[in-house]
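As structure tokens, the structure follows; a few thoughts come after it.
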Amino acid sequence: MYTVTRGVCRSGSLALVSAAIRHGVVRKPFADISYFREAPAYRNGDSCTGHGDNRRIHVSMTLDSNYLRGTIAAVLSVLKHSTCPEDVEFHFIWARYDPGVYSTIRSTFPNLNFRVYRFNSNRVRGKISKSIRQALDQPLNYARIYLAEIIPPDVKRVIYLDSDLVLVDDIAKLWNVDMENKVLAAPEYCHANFTNYFSGEFWSDPNMARTFEGRKPCYFNTGVMVVDLKRWRGGEYTQKMEDWMAVQKRKRIYDLGSLPPFLLVWAGDIKAVDHRWNQHGLGGDNLEGQCRRLHPGPISLLHWSGKGKPWLRLDSRRPCSVDHLWAPYDLFRLSSTHTFDG
């Protein structure tokens with residue numbers, strides 16, 4: 001059950017910044033204006049019993065103006081479909097303090113449990129190599145490599161989510177997955193040609209080609225992961241990924257940003273979860289962003305990984321059919337596709 005509290009819209013100026021927000025830019029002079037409707041105040045159901053800390057579900061996402069509209073939709077979807085939404089705590093990571101973004105989260109979700117951490121972009125300065133798409137080269141895209149350092153030690157497990165997705169199921173089902181002593185849990189896609197994620201130079205080097213010996217590596221998407229932070233902290237996994245990033249600076253061994261270091265360290269050694277928890281690729285490929293259809297089977301999470309983002313395609317009046325599944329979670333005031341009814 002939930003109650004609905006309506007936000008108050010200040011007149012004027014909104015029309016002047018509509019195009020900017022649609023393209024993910026927050027204009028500083030208008031930072032005090034609420035661009036988004038206030039979300040419903042979702043409350044715990046009667047089944048949410050027990051001590052609060054034991055019930056707590058931790059979710060981590062990056063936070064910046066470029067993907068703010070997507071982040072807000074993702075947060076709304078988590079709360080809307082959660083049996084115990086008051087038990088969900090969000091851990092947002094940003095590259096710098098942005099008062100406009102912070103106030104937007106506060107005003108859109110007045111009852112949200114969240115913390116915000118700064119990711120020092122200098123940590124990856126000199127480590128990032130140019131990838132297939134510019135968006136993948138942003139320092140904040142690499143923050144997931146440092147989750148175990150950024151999030152405080154009192155948090156032992158976290159679900160990491162990208163900002164271009166929505167859940168259509170209770171996140172507690174994903175949270176409660178049996179990790180079986182693994183550091184990561186995520187859907188695996190073993191039908192994908194794993195060799196394509198690394199260059200010919202990688203596979204032709206005998207030492208690097210032996211990286212996956214003793215493992216059966218499969219592709220997994222790092223936009224949806226359950227992470228055992230305690231095990232991560234004890235295994236020096238961040239350093240292992242940084243070592244591979246250093247190799248990439250000397251030799252061109254991959255093209256896909258922060259994903260390959262995860263694959264190099266963990267592919268073939270994660271807890272596989274049902275594919276329903278990451279219906280990914282809805283944004284098309286990394287170059288054209290062409291429309292794609294849903295894969296057959298049950299769906300708990302829709303993910304617009306790839307170049308095409310649903311809010312941009314909807315605003316351009318050239319949406320893909322799957323983009324209409326994202327639209328109900330869009331709280332942007334000037335959206336021409338708003339259908340959210342709480």
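Chain labels follow the order of the structure tokens: the first chain is A, the next B, and so on; residue numbering restarts at 1 in every chain, and ligands are counted from 1 in their shown order.
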Could I get the residues of stretch 104-148 of chain A with an atom no further than 12 Å from an atom of stretch 60-70 of chain A, each paired with its nearest atom pair and that distance in Å to one decimal, using only C-alpha atoms, sorted by chain and residue number, as JSON lines?
{"residue": "A:Thr104", "atom": "CA", "partner": "A:Leu68", "partner_atom": "CA", "distance": 9.0}
{"residue": "A:Ile105", "atom": "CA", "partner": "A:Leu68", "partner_atom": "CA", "distance": 9.0}
{"residue": "A:Thr108", "atom": "CA", "partner": "A:Arg69", "partner_atom": "CA", "distance": 11.2}
{"residue": "A:Asn113", "atom": "CA", "partner": "A:Ser60", "partner_atom": "CA", "distance": 11.9}
{"residue": "A:Phe114", "atom": "CA", "partner": "A:Ser60", "partner_atom": "CA", "distance": 9.4}
{"residue": "A:Arg115", "atom": "CA", "partner": "A:Ser60", "partner_atom": "CA", "distance": 9.5}
{"residue": "A:Val116", "atom": "CA", "partner": "A:Leu63", "partner_atom": "CA", "distance": 8.7}
{"residue": "A:Tyr117", "atom": "CA", "partner": "A:Thr62", "partner_atom": "CA", "distance": 9.4}
{"residue": "A:Arg118", "atom": "CA", "partner": "A:Leu63", "partner_atom": "CA", "distance": 9.8}
{"residue": "A:Phe119", "atom": "CA", "partner": "A:Thr62", "partner_atom": "CA", "distance": 9.4}
{"residue": "A:Ala135", "atom": "CA", "partner": "A:Asn66", "partner_atom": "CA", "distance": 10.0}
{"residue": "A:Gln138", "atom": "CA", "partner": "A:Asn66", "partner_atom": "CA", "distance": 11.0}
{"residue": "A:Pro139", "atom": "CA", "partner": "A:Thr62", "partner_atom": "CA", "distance": 10.9}
{"residue": "A:Leu140", "atom": "CA", "partner": "A:Thr62", "partner_atom": "CA", "distance": 7.1}
{"residue": "A:Asn141", "atom": "CA", "partner": "A:Thr62", "partner_atom": "CA", "distance": 8.0}
{"residue": "A:Tyr142", "atom": "CA", "partner": "A:Thr62", "partner_atom": "CA", "distance": 9.9}
{"residue": "A:Ala143", "atom": "CA", "partner": "A:Thr62", "partner_atom": "CA", "distance": 7.8}
{"residue": "A:Arg144", "atom": "CA", "partner": "A:Thr62", "partner_atom": "CA", "distance": 8.5}
{"residue": "A:Tyr146", "atom": "CA", "partner": "A:Ser60", "partner_atom": "CA", "distance": 11.8}
{"residue": "A:Leu147", "atom": "CA", "partner": "A:Ser60", "partner_atom": "CA", "distance": 8.6}
{"residue": "A:Ala148", "atom": "CA", "partner": "A:Ser60", "partner_atom": "CA", "distance": 11.2}
Mind checking which residues fall within 6 Å of stretch 220-228 of chain A, counting only C-alpha atoms, ignoring those fewer than 2 positions away in the same chain, and posting them as a ChimeraX atom specification? /A:157-162,183-186,188,230-231
Just checking: using only C-alpha atoms, which residue out of A:Lys216, A:His303, A:His58, A:His295 ends up closest to A:Gly281?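 Looking only at the distances to A:Gly281, the closest residue turns out to be A:His303.
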Write out as a PyMOL selection string which residues come within 10 Å of stretch 232-249 of chain A when counting only C-alpha atoms, dropping same-chain ones fewer than 4 positions away. chain A and resi 124+126-130+144-149+153+156-157+182-184+202+227-228+253-255+257-258+260-266
Selected residues written out, N, CA and C atoms, as a CSV table (one decimal), in the first residue's frame:
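Contents of the output file part_9.csv:
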chain,number,residue,atom,x,y,z
A,124,VAL,N,41.2,6.8,-11.7
A,124,VAL,CA,41.3,6.1,-13.0
A,124,VAL,C,42.0,7.0,-14.1
A,126,GLY,N,44.5,8.2,-16.4
A,126,GLY,CA,45.6,7.5,-17.0
A,126,GLY,C,45.4,6.0,-17.2
A,127,LYS,N,44.3,5.5,-16.6
A,127,LYS,CA,44.0,4.1,-16.7
A,127,LYS,C,43.0,3.8,-17.8
A,128,ILE,N,42.2,4.8,-18.2
A,128,ILE,CA,41.1,4.6,-19.2
A,128,ILE,C,41.6,4.6,-20.6
A,129,SER,N,41.2,3.6,-21.4
A,129,SER,CA,41.6,3.6,-22.8
A,129,SER,C,40.4,3.9,-23.6
A,130,LYS,N,40.5,4.5,-24.8
A,130,LYS,CA,39.4,4.8,-25.6
A,130,LYS,C,38.7,3.5,-26.0
A,144,ARG,N,32.2,1.3,-10.7
A,144,ARG,CA,31.8,-0.1,-10.2
A,144,ARG,C,33.0,-1.0,-9.9
A,145,ILE,N,34.2,-0.7,-10.5
A,145,ILE,CA,35.4,-1.4,-10.2
A,145,ILE,C,35.8,-1.2,-8.7
A,146,TYR,N,35.4,0.0,-8.1
A,146,TYR,CA,35.9,0.4,-6.8
A,146,TYR,C,34.7,0.3,-5.8
A,147,LEU,N,33.7,-0.5,-6.0
A,147,LEU,CA,32.6,-0.5,-5.1
A,147,LEU,C,33.0,-0.9,-3.7
A,148,ALA,N,33.9,-1.9,-3.6
A,148,ALA,CA,34.3,-2.4,-2.3
A,148,ALA,C,35.0,-1.3,-1.5
A,149,GLU,N,35.6,-0.3,-2.1
A,149,GLU,CA,36.3,0.7,-1.5
A,149,GLU,C,35.4,1.9,-1.2
A,153,PRO,N,32.3,-0.2,5.1
A,153,PRO,CA,32.4,-1.6,5.5
A,153,PRO,C,31.2,-2.2,6.2
A,156,LYS,N,27.7,-5.2,3.6
A,156,LYS,CA,28.4,-6.5,3.3
A,156,LYS,C,28.0,-7.0,1.9
A,157,ARG,N,26.8,-6.6,1.4
A,157,ARG,CA,26.3,-7.1,0.1
A,157,ARG,C,25.6,-5.9,-0.5
A,182,LYS,N,30.5,-17.1,-3.9
A,182,LYS,CA,31.0,-16.3,-5.0
A,182,LYS,C,31.0,-14.9,-4.7
A,183,VAL,N,31.8,-14.1,-5.4
A,183,VAL,CA,31.9,-12.6,-5.1
A,183,VAL,C,30.8,-12.0,-5.9
A,184,LEU,N,30.5,-12.4,-7.1
A,184,LEU,CA,29.5,-11.8,-8.0
A,184,LEU,C,28.4,-12.8,-8.3
A,202,PHE,N,45.2,-10.3,-27.8
A,202,PHE,CA,45.1,-10.9,-26.5
A,202,PHE,C,45.1,-12.4,-26.7
A,227,VAL,N,26.7,-8.3,-5.4
A,227,VAL,CA,28.1,-8.2,-5.0
A,227,VAL,C,28.3,-8.5,-3.6
A,228,ASP,N,29.1,-9.5,-3.3
A,228,ASP,CA,29.5,-9.8,-1.9
A,228,ASP,C,30.7,-8.9,-1.6
A,253,ILE,N,43.8,-4.8,-26.0
A,253,ILE,CA,43.3,-6.2,-25.8
A,253,ILE,C,41.8,-6.2,-25.7
A,254,TYR,N,41.1,-5.0,-25.6
A,254,TYR,CA,39.6,-5.0,-25.6
A,254,TYR,C,39.1,-3.6,-26.0
A,255,ASP,N,37.8,-3.5,-26.2
A,255,ASP,CA,37.2,-2.3,-26.8
A,255,ASP,C,36.0,-1.8,-25.9
A,257,GLY,N,35.3,-0.6,-22.6
A,257,GLY,CA,35.3,0.2,-21.4
A,257,GLY,C,35.6,-0.7,-20.1
A,258,SER,N,34.7,-0.6,-19.1
A,258,SER,CA,34.9,-1.2,-17.8
A,258,SER,C,34.5,-2.6,-17.8
A,260,PRO,N,35.4,-5.5,-19.8
A,260,PRO,CA,36.4,-6.5,-19.9
A,260,PRO,C,37.2,-6.8,-18.7
A,261,PRO,N,37.6,-5.8,-17.8
A,261,PRO,CA,38.4,-6.2,-16.6
A,261,PRO,C,37.5,-7.1,-15.7
A,262,PHE,N,36.2,-6.9,-15.7
A,262,PHE,CA,35.4,-7.8,-14.9
A,262,PHE,C,35.4,-9.2,-15.5
A,263,LEU,N,35.3,-9.3,-16.8
A,263,LEU,CA,35.3,-10.6,-17.4
A,263,LEU,C,36.7,-11.3,-17.2
A,264,LEU,N,37.8,-10.5,-17.3
A,264,LEU,CA,39.1,-11.1,-17.1
A,264,LEU,C,39.3,-11.7,-15.7
A,265,VAL,N,38.7,-11.0,-14.7
A,265,VAL,CA,38.9,-11.5,-13.3
A,265,VAL,C,37.8,-12.5,-12.9
A,266,TRP,N,36.6,-12.4,-13.4
A,266,TRP,CA,35.5,-13.2,-12.9
A,266,TRP,C,34.8,-14.1,-13.9
Give the strand (DSSP E or B) residues of stretch 62-101 of chain A, as assigned by DSSP on the backbone, as number ranges by chain. A: 62, 88-94
Atoms kept (N, CA and C atoms) for selection, written as a PDB file, in the first residue's frame:
ATOM      1  N   THR A  62      25.262   4.778  -9.995  1.00  0.00           N
ATOM      2  CA  THR A  62      25.956   6.041 -10.206  1.00  0.00           C
ATOM      3  C   THR A  62      24.926   7.142 -10.402  1.00  0.00           C
ATOM      4  N   VAL A  88      14.641  -0.669   1.457  1.00  0.00           N
ATOM      5  CA  VAL A  88      15.647  -0.513   0.400  1.00  0.00           C
ATOM      6  C   VAL A  88      16.446   0.755   0.672  1.00  0.00           C
ATOM      7  N   GLU A  89      17.755   0.619   0.694  1.00  0.00           N
ATOM      8  CA  GLU A  89      18.638   1.770   0.859  1.00  0.00           C
ATOM      9  C   GLU A  89      19.519   1.905  -0.371  1.00  0.00           C
ATOM     10  N   PHE A  90      19.524   3.106  -0.946  1.00  0.00           N
ATOM     11  CA  PHE A  90      20.293   3.370  -2.155  1.00  0.00           C
ATOM     12  C   PHE A  90      21.640   4.000  -1.792  1.00  0.00           C
ATOM     13  N   HIS A  91      22.667   3.545  -2.499  1.00  0.00           N
ATOM     14  CA  HIS A  91      24.018   4.073  -2.348  1.00  0.00           C
ATOM     15  C   HIS A  91      24.416   4.685  -3.690  1.00  0.00           C
ATOM     16  N   PHE A  92      24.282   5.993  -3.792  1.00  0.00           N
ATOM     17  CA  PHE A  92      24.577   6.693  -5.043  1.00  0.00           C
ATOM     18  C   PHE A  92      26.046   7.104  -5.073  1.00  0.00           C
ATOM     19  N   ILE A  93      26.631   6.996  -6.245  1.00  0.00           N
ATOM     20  CA  ILE A  93      28.035   7.364  -6.434  1.00  0.00           C
ATOM     21  C   ILE A  93      28.107   8.440  -7.515  1.00  0.00           C
ATOM     22  N   TRP A  94      28.716   9.559  -7.185  1.00  0.00           N
ATOM     23  CA  TRP A  94      28.882  10.609  -8.196  1.00  0.00           C
ATOM     24  C   TRP A  94      30.332  11.077  -8.257  1.00  0.00           C
TER      25      TRP A  94
END
